[in-house]
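Text of the file entry.pdb, holding PDB, C-alpha atoms, pLDDT in the B column:
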ATOM      1  CA  MET A   1      17.184  -6.516  -8.379  1.00 41.00           C
ATOM      2  CA  GLY A   2      15.231  -3.441  -9.530  1.00 55.00           C
ATOM      3  CA  ARG A   3      11.597  -2.582  -9.071  1.00 61.00           C
ATOM      4  CA  TYR A   4       9.050  -4.908 -10.687  1.00 56.00           C
ATOM      5  CA  VAL A   5       7.758  -3.443 -13.956  1.00 51.00           C
ATOM      6  CA  GLY A   6       5.650  -6.350 -15.227  1.00 55.00           C
ATOM      7  CA  ALA A   7       1.883  -6.808 -15.168  1.00 58.00           C
ATOM      8  CA  SER A   8       0.399  -5.953 -11.754  1.00 58.00           C
ATOM      9  CA  CYS A   9      -2.298  -8.593 -12.097  1.00 56.00           C
ATOM     10  CA  ARG A  10       0.334 -11.354 -12.190  1.00 57.00           C
ATOM     11  CA  LEU A  11       1.333 -10.392  -8.661  1.00 60.00           C
ATOM     12  CA  CYS A  12      -2.240 -10.759  -7.402  1.00 53.00           C
ATOM     13  CA  ARG A  13      -2.547 -14.120  -9.134  1.00 56.00           C
ATOM     14  CA  ARG A  14       0.780 -15.264  -7.653  1.00 58.00           C
ATOM     15  CA  GLU A  15      -0.461 -14.476  -4.153  1.00 56.00           C
ATOM     16  CA  MET A  16      -3.945 -15.826  -4.940  1.00 55.00           C
ATOM     17  CA  THR A  17      -5.629 -12.776  -3.435  1.00 63.00           C
ATOM     18  CA  LYS A  18      -6.543  -9.230  -4.441  1.00 57.00           C
ATOM     19  CA  LEU A  19      -3.737  -6.829  -3.580  1.00 60.00           C
ATOM     20  CA  PHE A  20      -5.646  -3.852  -5.047  1.00 60.00           C
ATOM     21  CA  LEU A  21      -2.709  -2.732  -7.181  1.00 59.00           C
ATOM     22  CA  LYS A  22      -4.880  -1.238  -9.947  1.00 57.00           C
ATOM     23  CA  GLY A  23      -7.393   0.785  -7.986  1.00 59.00           C
ATOM     24  CA  SER A  24     -11.094   0.444  -8.779  1.00 55.00           C
ATOM     25  CA  ARG A  25     -10.468  -2.132 -11.533  1.00 55.00           C
ATOM     26  CA  CYS A  26      -9.755  -4.667  -8.768  1.00 51.00           C
ATOM     27  CA  GLU A  27     -13.355  -4.299  -7.579  1.00 56.00           C
ATOM     28  CA  THR A  28     -14.872  -5.220 -10.949  1.00 59.00           C
ATOM     29  CA  SER A  29     -15.317  -8.429 -12.919  1.00 59.00           C
ATOM     30  CA  LYS A  30     -12.253  -7.435 -14.981  1.00 56.00           C
ATOM     31  CA  CYS A  31     -10.004  -8.297 -12.028  1.00 57.00           C
ATOM     32  CA  ALA A  32      -7.553 -11.088 -12.952  1.00 54.00           C
ATOM     33  CA  ILE A  33      -8.413 -13.036  -9.795  1.00 53.00           C
ATOM     34  CA  GLU A  34     -12.044 -13.144 -10.897  1.00 53.00           C
ATOM     35  CA  GLN A  35     -11.151 -14.403 -14.379  1.00 51.00           C
ATOM     36  CA  ARG A  36      -8.153 -16.658 -13.713  1.00 59.00           C
ATOM     37  CA  ASN A  37      -8.173 -17.806 -10.140  1.00 62.00           C
ATOM     38  CA  TYR A  38      -4.856 -19.680 -10.263  1.00 55.00           C
ATOM     39  CA  PRO A  39      -1.172 -18.659 -10.209  1.00 62.00           C
ATOM     40  CA  PRO A  40       0.591 -17.608 -13.450  1.00 62.00           C
ATOM     41  CA  GLY A  41       2.987 -19.976 -15.193  1.00 59.00           C
ATOM     42  CA  GLY A  42       2.873 -23.116 -17.304  1.00 54.00           C
ATOM     43  CA  GLN A  43       2.482 -25.573 -14.424  1.00 51.00           C
ATOM     44  CA  SER A  44       0.629 -23.176 -12.160  1.00 51.00           C
ATOM     45  CA  ARG A  45      -2.460 -25.315 -11.591  1.00 53.00           C
ATOM     46  CA  GLN A  46      -0.360 -28.272 -10.432  1.00 52.00           C
ATOM     47  CA  ARG A  47       1.673 -26.025  -8.086  1.00 55.00           C
ATOM     48  CA  PHE A  48      -1.527 -24.471  -6.780  1.00 53.00           C
ATOM     49  CA  ARG A  49      -2.639 -27.860  -5.422  1.00 54.00           C
ATOM     50  CA  ARG A  50       0.552 -28.336  -3.380  1.00 64.00           C
ATOM     51  CA  LYS A  51       0.428 -27.648   0.332  1.00 77.00           C
ATOM     52  CA  LEU A  52       2.865 -24.948   1.451  1.00 77.00           C
ATOM     53  CA  SER A  53       5.341 -25.547   4.264  1.00 88.00           C
ATOM     54  CA  ASP A  54       5.465 -23.209   7.277  1.00 89.00           C
ATOM     55  CA  TYR A  55       8.357 -21.374   5.634  1.00 90.00           C
ATOM     56  CA  GLY A  56       6.400 -21.133   2.396  1.00 84.00           C
ATOM     57  CA  LEU A  57       3.428 -19.553   4.185  1.00 88.00           C
ATOM     58  CA  GLN A  58       5.680 -17.047   5.936  1.00 92.00           C
ATOM     59  CA  LEU A  59       7.441 -16.146   2.696  1.00 91.00           C
ATOM     60  CA  ARG A  60       4.156 -15.586   0.881  1.00 87.00           C
ATOM     61  CA  GLU A  61       2.964 -13.188   3.602  1.00 90.00           C
ATOM     62  CA  LYS A  62       6.164 -11.176   3.311  1.00 93.00           C
ATOM     63  CA  GLN A  63       5.828 -11.066  -0.473  1.00 90.00           C
ATOM     64  CA  LYS A  64       2.211  -9.908  -0.159  1.00 89.00           C
ATOM     65  CA  ALA A  65       3.212  -6.995   2.088  1.00 92.00           C
ATOM     66  CA  LYS A  66       6.089  -5.962  -0.193  1.00 91.00           C
ATOM     67  CA  ARG A  67       3.865  -6.053  -3.257  1.00 88.00           C
ATOM     68  CA  ILE A  68       0.955  -4.219  -1.660  1.00 88.00           C
ATOM     69  CA  TYR A  69       3.161  -1.300  -0.589  1.00 92.00           C
ATOM     70  CA  GLY A  70       5.471  -1.492  -3.627  1.00 90.00           C
ATOM     71  CA  ILE A  71       8.805  -1.756  -1.837  1.00 91.00           C
ATOM     72  CA  LEU A  72      11.928  -3.875  -2.288  1.00 91.00           C
ATOM     73  CA  GLU A  73      13.530  -6.435   0.021  1.00 93.00           C
ATOM     74  CA  THR A  74      16.260  -4.289   1.589  1.00 95.00           C
ATOM     75  CA  GLN A  75      13.856  -1.468   2.347  1.00 95.00           C
ATOM     76  CA  PHE A  76      11.298  -3.891   3.761  1.00 96.00           C
ATOM     77  CA  ARG A  77      13.907  -5.482   6.024  1.00 96.00           C
ATOM     78  CA  ASN A  78      14.904  -2.033   7.274  1.00 96.00           C
ATOM     79  CA  TYR A  79      11.278  -1.310   8.167  1.00 97.00           C
ATOM     80  CA  PHE A  80      11.181  -4.569  10.113  1.00 97.00           C
ATOM     81  CA  ARG A  81      14.304  -3.644  12.082  1.00 96.00           C
ATOM     82  CA  ILE A  82      12.780  -0.290  13.036  1.00 97.00           C
ATOM     83  CA  ALA A  83       9.505  -1.989  14.015  1.00 97.00           C
ATOM     84  CA  GLU A  84      11.415  -4.477  16.161  1.00 95.00           C
ATOM     85  CA  LYS A  85      13.040  -1.704  18.182  1.00 95.00           C
ATOM     86  CA  ARG A  86       9.794   0.133  18.913  1.00 95.00           C
ATOM     87  CA  ARG A  87       7.544  -0.548  21.852  1.00 94.00           C
ATOM     88  CA  GLY A  88       4.506  -2.690  21.202  1.00 94.00           C
ATOM     89  CA  VAL A  89       3.780  -5.599  18.884  1.00 96.00           C
ATOM     90  CA  THR A  90       6.408  -5.858  16.130  1.00 96.00           C
ATOM     91  CA  GLY A  91       3.979  -6.948  13.404  1.00 96.00           C
ATOM     92  CA  GLU A  92       1.600  -4.078  14.109  1.00 96.00           C
ATOM     93  CA  ASN A  93       4.507  -1.625  14.269  1.00 97.00           C
ATOM     94  CA  LEU A  94       5.622  -2.831  10.838  1.00 97.00           C
ATOM     95  CA  LEU A  95       2.213  -2.262   9.263  1.00 96.00           C
ATOM     96  CA  LYS A  96       1.943   1.179  10.863  1.00 96.00           C
ATOM     97  CA  LEU A  97       5.327   2.181   9.422  1.00 97.00           C
ATOM     98  CA  LEU A  98       4.169   1.086   5.978  1.00 96.00           C
ATOM     99  CA  GLU A  99       0.846   2.903   6.353  1.00 96.00           C
ATOM    100  CA  MET A 100       2.598   6.130   7.341  1.00 97.00           C
ATOM    101  CA  ARG A 101       4.649   6.265   4.142  1.00 97.00           C
ATOM    102  CA  LEU A 102       3.764   9.404   2.203  1.00 98.00           C
ATOM    103  CA  ASP A 103       2.689   7.527  -0.926  1.00 97.00           C
ATOM    104  CA  ASN A 104       0.323   5.362   1.122  1.00 96.00           C
ATOM    105  CA  VAL A 105      -1.165   8.378   2.936  1.00 98.00           C
ATOM    106  CA  VAL A 106      -1.757  10.086  -0.423  1.00 97.00           C
ATOM    107  CA  TYR A 107      -3.547   6.922  -1.564  1.00 96.00           C
ATOM    108  CA  ARG A 108      -5.606   6.607   1.642  1.00 95.00           C
ATOM    109  CA  ALA A 109      -6.581  10.281   1.379  1.00 96.00           C
ATOM    110  CA  GLY A 110      -8.044   9.565  -2.054  1.00 95.00           C
ATOM    111  CA  PHE A 111      -5.669  11.728  -4.095  1.00 97.00           C
ATOM    112  CA  ALA A 112      -4.641   8.700  -6.179  1.00 95.00           C
ATOM    113  CA  ALA A 113      -6.483   5.590  -7.359  1.00 92.00           C
ATOM    114  CA  SER A 114      -3.674   3.223  -6.350  1.00 90.00           C
ATOM    115  CA  ARG A 115      -0.409   3.262  -4.421  1.00 92.00           C
ATOM    116  CA  ALA A 116       1.533   3.134  -7.683  1.00 90.00           C
ATOM    117  CA  ALA A 117      -0.310   6.248  -8.871  1.00 93.00           C
ATOM    118  CA  ALA A 118       0.314   7.909  -5.492  1.00 95.00           C
ATOM    119  CA  ARG A 119       4.022   7.078  -5.750  1.00 94.00           C
ATOM    120  CA  GLN A 120       4.095   8.759  -9.150  1.00 94.00           C
ATOM    121  CA  LEU A 121       2.287  11.868  -7.856  1.00 97.00           C
ATOM    122  CA  VAL A 122       4.770  12.250  -5.026  1.00 97.00           C
ATOM    123  CA  GLY A 123       7.786  11.556  -7.222  1.00 96.00           C
ATOM    124  CA  HIS A 124       6.695  14.195  -9.752  1.00 96.00           C
ATOM    125  CA  GLY A 125       6.352  16.876  -7.089  1.00 96.00           C
ATOM    126  CA  HIS A 126       2.558  17.167  -6.950  1.00 97.00           C
ATOM    127  CA  VAL A 127       2.348  16.703  -3.159  1.00 98.00           C
ATOM    128  CA  ALA A 128       3.381  18.917  -0.240  1.00 97.00           C
ATOM    129  CA  VAL A 129       3.837  18.128   3.461  1.00 98.00           C
ATOM    130  CA  ASN A 130       3.207  21.080   5.765  1.00 97.00           C
ATOM    131  CA  GLY A 131       3.403  23.411   2.776  1.00 95.00           C
ATOM    132  CA  LYS A 132       6.729  22.106   1.424  1.00 97.00           C
ATOM    133  CA  ARG A 133       6.989  19.839  -1.598  1.00 97.00           C
ATOM    134  CA  VAL A 134       8.227  16.344  -0.858  1.00 97.00           C
ATOM    135  CA  SER A 135       9.192  14.062  -3.734  1.00 96.00           C
ATOM    136  CA  MET A 136      10.219  11.003  -1.686  1.00 97.00           C
ATOM    137  CA  PRO A 137       7.431   8.364  -1.584  1.00 96.00           C
ATOM    138  CA  ALA A 138       9.007   6.672   1.454  1.00 96.00           C
ATOM    139  CA  TYR A 139       8.877   9.876   3.539  1.00 97.00           C
ATOM    140  CA  GLN A 140       7.485   9.010   6.977  1.00 97.00           C
ATOM    141  CA  VAL A 141       4.459  11.144   7.776  1.00 97.00           C
ATOM    142  CA  GLN A 142       3.999  12.178  11.413  1.00 97.00           C
ATOM    143  CA  GLU A 143       0.980  12.938  13.575  1.00 96.00           C
ATOM    144  CA  ASN A 144      -0.601  16.335  12.753  1.00 96.00           C
ATOM    145  CA  ASP A 145       1.230  16.594   9.423  1.00 97.00           C
ATOM    146  CA  ASP A 146      -0.709  18.378   6.712  1.00 97.00           C
ATOM    147  CA  ILE A 147      -0.672  16.601   3.317  1.00 98.00           C
ATOM    148  CA  SER A 148      -1.878  18.570   0.297  1.00 97.00           C
ATOM    149  CA  VAL A 149      -1.853  18.593  -3.477  1.00 97.00           C
ATOM    150  CA  VAL A 150       0.121  21.605  -4.732  1.00 96.00           C
ATOM    151  CA  GLU A 151      -1.989  24.420  -6.159  1.00 95.00           C
ATOM    152  CA  LYS A 152      -1.213  23.942  -9.854  1.00 94.00           C
ATOM    153  CA  SER A 153      -2.008  20.205  -9.673  1.00 95.00           C
ATOM    154  CA  LYS A 154      -5.391  20.353  -7.928  1.00 94.00           C
ATOM    155  CA  LYS A 155      -7.375  20.211 -11.163  1.00 93.00           C
ATOM    156  CA  MET A 156      -5.558  17.205 -12.626  1.00 95.00           C
ATOM    157  CA  ALA A 157      -8.109  14.779 -14.085  1.00 95.00           C
ATOM    158  CA  THR A 158      -6.547  11.731 -12.427  1.00 94.00           C
ATOM    159  CA  ILE A 159      -6.715  13.372  -9.001  1.00 96.00           C
ATOM    160  CA  GLU A 160     -10.307  14.513  -9.477  1.00 95.00           C
ATOM    161  CA  GLN A 161     -11.390  11.022 -10.582  1.00 93.00           C
ATOM    162  CA  ALA A 162      -9.581   9.377  -7.672  1.00 94.00           C
ATOM    163  CA  ILE A 163     -11.131  11.743  -5.109  1.00 94.00           C
ATOM    164  CA  GLU A 164     -14.595  11.210  -6.545  1.00 93.00           C
ATOM    165  CA  ALA A 165     -14.239   7.436  -6.202  1.00 91.00           C
ATOM    166  CA  ALA A 166     -12.710   7.676  -2.716  1.00 92.00           C
ATOM    167  CA  SER A 167     -15.496   9.968  -1.493  1.00 91.00           C
ATOM    168  CA  LEU A 168     -18.046   7.257  -2.238  1.00 89.00           C
ATOM    169  CA  LYS A 169     -16.126   4.688  -0.192  1.00 88.00           C
ATOM    170  CA  GLY A 170     -15.217   7.007   2.700  1.00 91.00           C
ATOM    171  CA  PHE A 171     -11.904   7.877   4.334  1.00 94.00           C
ATOM    172  CA  PRO A 172      -9.969   6.288   7.227  1.00 94.00           C
ATOM    173  CA  GLU A 173     -10.733   7.531  10.739  1.00 95.00           C
ATOM    174  CA  TRP A 174      -7.100   8.489  11.313  1.00 97.00           C
ATOM    175  CA  LEU A 175      -7.195  11.001   8.436  1.00 97.00           C
ATOM    176  CA  GLU A 176      -9.121  14.250   8.244  1.00 97.00           C
ATOM    177  CA  VAL A 177      -9.708  14.918   4.540  1.00 97.00           C
ATOM    178  CA  ASP A 178     -10.840  18.171   2.949  1.00 96.00           C
ATOM    179  CA  VAL A 179     -11.990  17.064  -0.502  1.00 95.00           C
ATOM    180  CA  GLU A 180     -12.485  20.561  -1.908  1.00 94.00           C
ATOM    181  CA  GLU A 181      -9.057  21.811  -0.846  1.00 95.00           C
ATOM    182  CA  ARG A 182      -7.315  18.544  -1.748  1.00 96.00           C
ATOM    183  CA  ARG A 183      -5.867  18.442   1.733  1.00 97.00           C
ATOM    184  CA  ALA A 184      -5.575  15.850   4.504  1.00 97.00           C
ATOM    185  CA  ARG A 185      -4.383  16.017   8.096  1.00 98.00           C
ATOM    186  CA  VAL A 186      -2.938  12.994   9.877  1.00 97.00           C
ATOM    187  CA  LYS A 187      -4.788  12.890  13.192  1.00 96.00           C
ATOM    188  CA  ARG A 188      -2.762   9.928  14.490  1.00 95.00           C
ATOM    189  CA  ALA A 189      -1.182   6.662  13.418  1.00 94.00           C
ATOM    190  CA  PRO A 190      -3.766   4.032  12.423  1.00 95.00           C
ATOM    191  CA  TYR A 191      -4.791   1.257  14.784  1.00 94.00           C
ATOM    192  CA  ARG A 192      -4.378  -2.301  13.547  1.00 93.00           C
ATOM    193  CA  ASP A 193      -8.101  -2.794  12.955  1.00 92.00           C
ATOM    194  CA  GLU A 194      -8.116   0.332  10.779  1.00 93.00           C
ATOM    195  CA  ILE A 195      -5.578  -1.138   8.359  1.00 92.00           C
ATOM    196  CA  PRO A 196      -7.528  -3.128   5.712  1.00 84.00           C
ATOM    197  CA  SER A 197      -4.653  -5.475   4.957  1.00 79.00           C
ATOM    198  CA  VAL A 198      -4.822  -9.087   3.779  1.00 83.00           C
ATOM    199  CA  VAL A 199      -1.416  -9.675   5.386  1.00 87.00           C
ATOM    200  CA  GLN A 200      -0.943 -11.854   8.467  1.00 92.00           C
ATOM    201  CA  GLU A 201       1.902  -9.846   9.944  1.00 94.00           C
ATOM    202  CA  GLN A 202       2.767 -12.398  12.629  1.00 95.00           C
ATOM    203  CA  LEU A 203       3.996 -14.789   9.930  1.00 94.00           C
ATOM    204  CA  ILE A 204       6.409 -12.089   8.711  1.00 95.00           C
ATOM    205  CA  VAL A 205       7.717 -11.674  12.255  1.00 96.00           C
ATOM    206  CA  GLU A 206       8.247 -15.449  12.480  1.00 95.00           C
ATOM    207  CA  LEU A 207      10.106 -15.428   9.132  1.00 94.00           C
ATOM    208  CA  TYR A 208      12.547 -12.701  10.120  1.00 92.00           C
ATOM    209  CA  SER A 209      12.997 -14.052  13.660  1.00 88.00           C
ATOM    210  CA  LYS A 210      14.613 -17.294  12.463  1.00 76.00           C
TER
END
Is it possible to express this structure as structure tokens?
Amino acid sequence: MGRYVGASCRLCRREMTKLFLKGSRCETSKCAIEQRNYPPGGQSRQRFRRKLSDYGLQLREKQKAKRIYGILETQFRNYFRIAEKRRGVTGENLLKLLEMRLDNVVYRAGFAASRAAARQLVGHGHVAVNGKRVSMPAYQVQENDDISVVEKSKKMATIEQAIEAASLKGFPEWLEVDVEERRARVKRAPYRDEIPSVVQEQLIVELYSK
């Protein structure tokens, strides 16, 4: 199955929580969750009242994580296998791997209004890592890597608007962001309490451990 190309707001409504897939719009009254607080579909309100099984809860958490970071099942499973082999808590390792994707770092640094927009910036060659262009959104950023917008793209309206909005909210502690230069340095991997995720990662671990 290919990447989802439908309405982003349907995904938030399916998970019954804000996944922040459309940037600042998700923080306004125009957000679909604010207007239609029930899942999409003809019999959605009846399904909404049903109590989920343990498996259903675990599946929903996995789907949330995949949709938040915009990745497909095979890729997500591969991340889990890597997380499993690392020292520490598997669920936290998984979230850290997802947070250290280049498209997510570009989003966290405020260069894009959403992860989808960040993925597009990276894919179109507007972002460099340590001075070299990288066009792979899944590229794993490392500690002390320097992430920057390439010179000819620094004045793009979408980037300027995103940075302006991000500056008002502030930047993560694990990133050192130079707004004027459109540059960010990864000081370290984020701690779990620095990842503002609505995902209960332990349920994903339970799902894949069966």
Subject >> Residue contacts of Asp146 of chain A (6 Å, only C-alpha atoms) excluding same-chain residues fewer than 6 positions away, as a PyMOL selection string >> reply: chain A and resi 129-130+184-185
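Rounded to one decimal, atom CA of Ser135 of chain A and atom CA of Lys62 of chain A lie 26.4 Å from each other.
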Could you work out an axis-aligned bounding box for all listed atoms of segment 138-148 of chain A, with 6 Å added on each of the six sides, and give its centre and edge lengths in Å to one decimal, as AutoDock Vina command-line options?
--center_x 3.6 --center_y 12.6 --center_z 6.9 --size_x 22.9 --size_y 23.9 --size_z 25.3
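Among the candidates A:Glu61, A:Glu73, A:Glu176, A:Glu181, the residue lying nearest to Ser153 of chain A is A:Glu181 (atoms considered: only C-alpha atoms).
Each of A:Gln75, A:Thr90, A:Ser167, A:Thr158 was checked against Ala138 of chain A using all atoms listed in the file; the smallest atom-to-atom distance is that of A:Gln75.
Put simply, the PyMOL selection byres ((chain A and resi 118) around 9) on this file hits Leu102, Asp103, Asn104, Val105, Val106, Tyr107, Phe111, Ala112, Ala113, Ser114, Arg115, Ala116, Ala117, Arg119, Gln120, Leu121, Val122, Gly123 and Pro137 of chain A.
Once Met156 of chain A and its same-chain neighbours fewer than 5 positions away are set aside, His126, Val149 and Gln161 of chain A remain within 10 Å of it when counting only C-alpha atoms.
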Subject >> Pick from A:Ser53, A:Asn78, A:Gln58, A:Gln202 nearest to Leu98 of chain A, counting all atoms listed in the file >> reply: A:Asn78
Subject >> Two-atom distance - atom CA of Leu94 of chain A, atom CA of Ala165 of chain A (Å) >> reply: 28.1 Å
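The interatomic distance for the pair atom CA of Tyr139 of chain A and atom CA of Pro196 of chain A works out to 21.0 Å.
The residues returned by the PyMOL selection byres ((chain A and resi 82) around 12) for this structure are Gln75, Phe76, Arg77, Asn78, Tyr79, Phe80, Arg81, Ala83, Glu84, Lys85, Arg86, Arg87, Gly88, Val89, Thr90, Gly91, Glu92, Asn93, Leu94, Leu95, Lys96, Leu97 and Leu98 of chain A.
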Grab the residues selected above and save them as an mmCIF file, in the frame of the given file with C-alpha atoms.
data_model
loop_
_atom_site.group_PDB
_atom_site.id
_atom_site.type_symbol
_atom_site.label_atom_id
_atom_site.label_comp_id
_atom_site.auth_asym_id
_atom_site.auth_seq_id
_atom_site.Cartn_x
_atom_site.Cartn_y
_atom_site.Cartn_z
ATOM 1 C CA GLN A 75 13.856 -1.468 2.347
ATOM 2 C CA PHE A 76 11.298 -3.891 3.761
ATOM 3 C CA ARG A 77 13.907 -5.482 6.024
ATOM 4 C CA ASN A 78 14.904 -2.033 7.274
ATOM 5 C CA TYR A 79 11.278 -1.310 8.167
ATOM 6 C CA PHE A 80 11.181 -4.569 10.113
ATOM 7 C CA ARG A 81 14.304 -3.644 12.082
ATOM 8 C CA ALA A 83 9.505 -1.989 14.015
ATOM 9 C CA GLU A 84 11.415 -4.477 16.161
ATOM 10 C CA LYS A 85 13.040 -1.704 18.182
ATOM 11 C CA ARG A 86 9.794 0.133 18.913
ATOM 12 C CA ARG A 87 7.544 -0.548 21.852
ATOM 13 C CA GLY A 88 4.506 -2.690 21.202
ATOM 14 C CA VAL A 89 3.780 -5.599 18.884
ATOM 15 C CA THR A 90 6.408 -5.858 16.130
ATOM 16 C CA GLY A 91 3.979 -6.948 13.404
ATOM 17 C CA GLU A 92 1.600 -4.078 14.109
ATOM 18 C CA ASN A 93 4.507 -1.625 14.269
ATOM 19 C CA LEU A 94 5.622 -2.831 10.838
ATOM 20 C CA LEU A 95 2.213 -2.262 9.263
ATOM 21 C CA LYS A 96 1.943 1.179 10.863
ATOM 22 C CA LEU A 97 5.327 2.181 9.422
ATOM 23 C CA LEU A 98 4.169 1.086 5.978
#
**OP:** Any chance you could resolve the PyMOL selection byres ((chain A and resi 174) around 10) against this file and give the residues as a ChimeraX atom specification?
**Re:** /A:108,143,171-173,175-177,185-191,194
Mind rebuilding segment 64-79 of chain A with N, CA and C atoms and writing that out as a short mmCIF file (atom, residue, chain, number, x, y, z; two decimals), in the frame of the given file?
data_model
loop_
_atom_site.label_atom_id
_atom_site.label_comp_id
_atom_site.auth_asym_id
_atom_site.auth_seq_id
_atom_site.Cartn_x
_atom_site.Cartn_y
_atom_site.Cartn_z
N LYS A 64 3.46 -10.66 -0.06
CA LYS A 64 2.21 -9.91 -0.16
C LYS A 64 2.42 -8.47 0.31
N ALA A 65 3.01 -8.33 1.51
CA ALA A 65 3.21 -7.00 2.09
C ALA A 65 4.10 -6.14 1.19
N LYS A 66 5.18 -6.71 0.69
CA LYS A 66 6.09 -5.96 -0.19
C LYS A 66 5.37 -5.51 -1.45
N ARG A 67 4.55 -6.37 -2.00
CA ARG A 67 3.86 -6.05 -3.26
C ARG A 67 2.73 -5.06 -3.05
N ILE A 68 2.03 -5.16 -1.95
CA ILE A 68 0.96 -4.22 -1.66
C ILE A 68 1.51 -2.80 -1.56
N TYR A 69 2.61 -2.64 -0.83
CA TYR A 69 3.16 -1.30 -0.59
C TYR A 69 4.22 -0.90 -1.61
N GLY A 70 4.56 -1.82 -2.53
CA GLY A 70 5.47 -1.49 -3.63
C GLY A 70 6.89 -1.19 -3.20
N ILE A 71 7.44 -1.99 -2.29
CA ILE A 71 8.80 -1.76 -1.84
C ILE A 71 9.66 -3.00 -2.04
N LEU A 72 10.98 -2.80 -2.02
CA LEU A 72 11.93 -3.88 -2.29
C LEU A 72 12.42 -4.52 -0.99
N GLU A 73 13.15 -5.61 -1.12
CA GLU A 73 13.53 -6.44 0.02
C GLU A 73 14.36 -5.69 1.06
N THR A 74 15.39 -4.97 0.63
CA THR A 74 16.26 -4.29 1.59
C THR A 74 15.49 -3.25 2.38
N GLN A 75 14.66 -2.49 1.69
CA GLN A 75 13.86 -1.47 2.35
C GLN A 75 12.86 -2.10 3.32
N PHE A 76 12.26 -3.21 2.91
CA PHE A 76 11.30 -3.89 3.76
C PHE A 76 11.98 -4.42 5.03
N ARG A 77 13.16 -4.97 4.86
CA ARG A 77 13.91 -5.48 6.02
C ARG A 77 14.26 -4.34 6.98
N ASN A 78 14.60 -3.19 6.42
CA ASN A 78 14.90 -2.03 7.27
C ASN A 78 13.68 -1.60 8.07
N TYR A 79 12.51 -1.63 7.44
CA TYR A 79 11.28 -1.31 8.17
C TYR A 79 11.07 -2.29 9.32
#
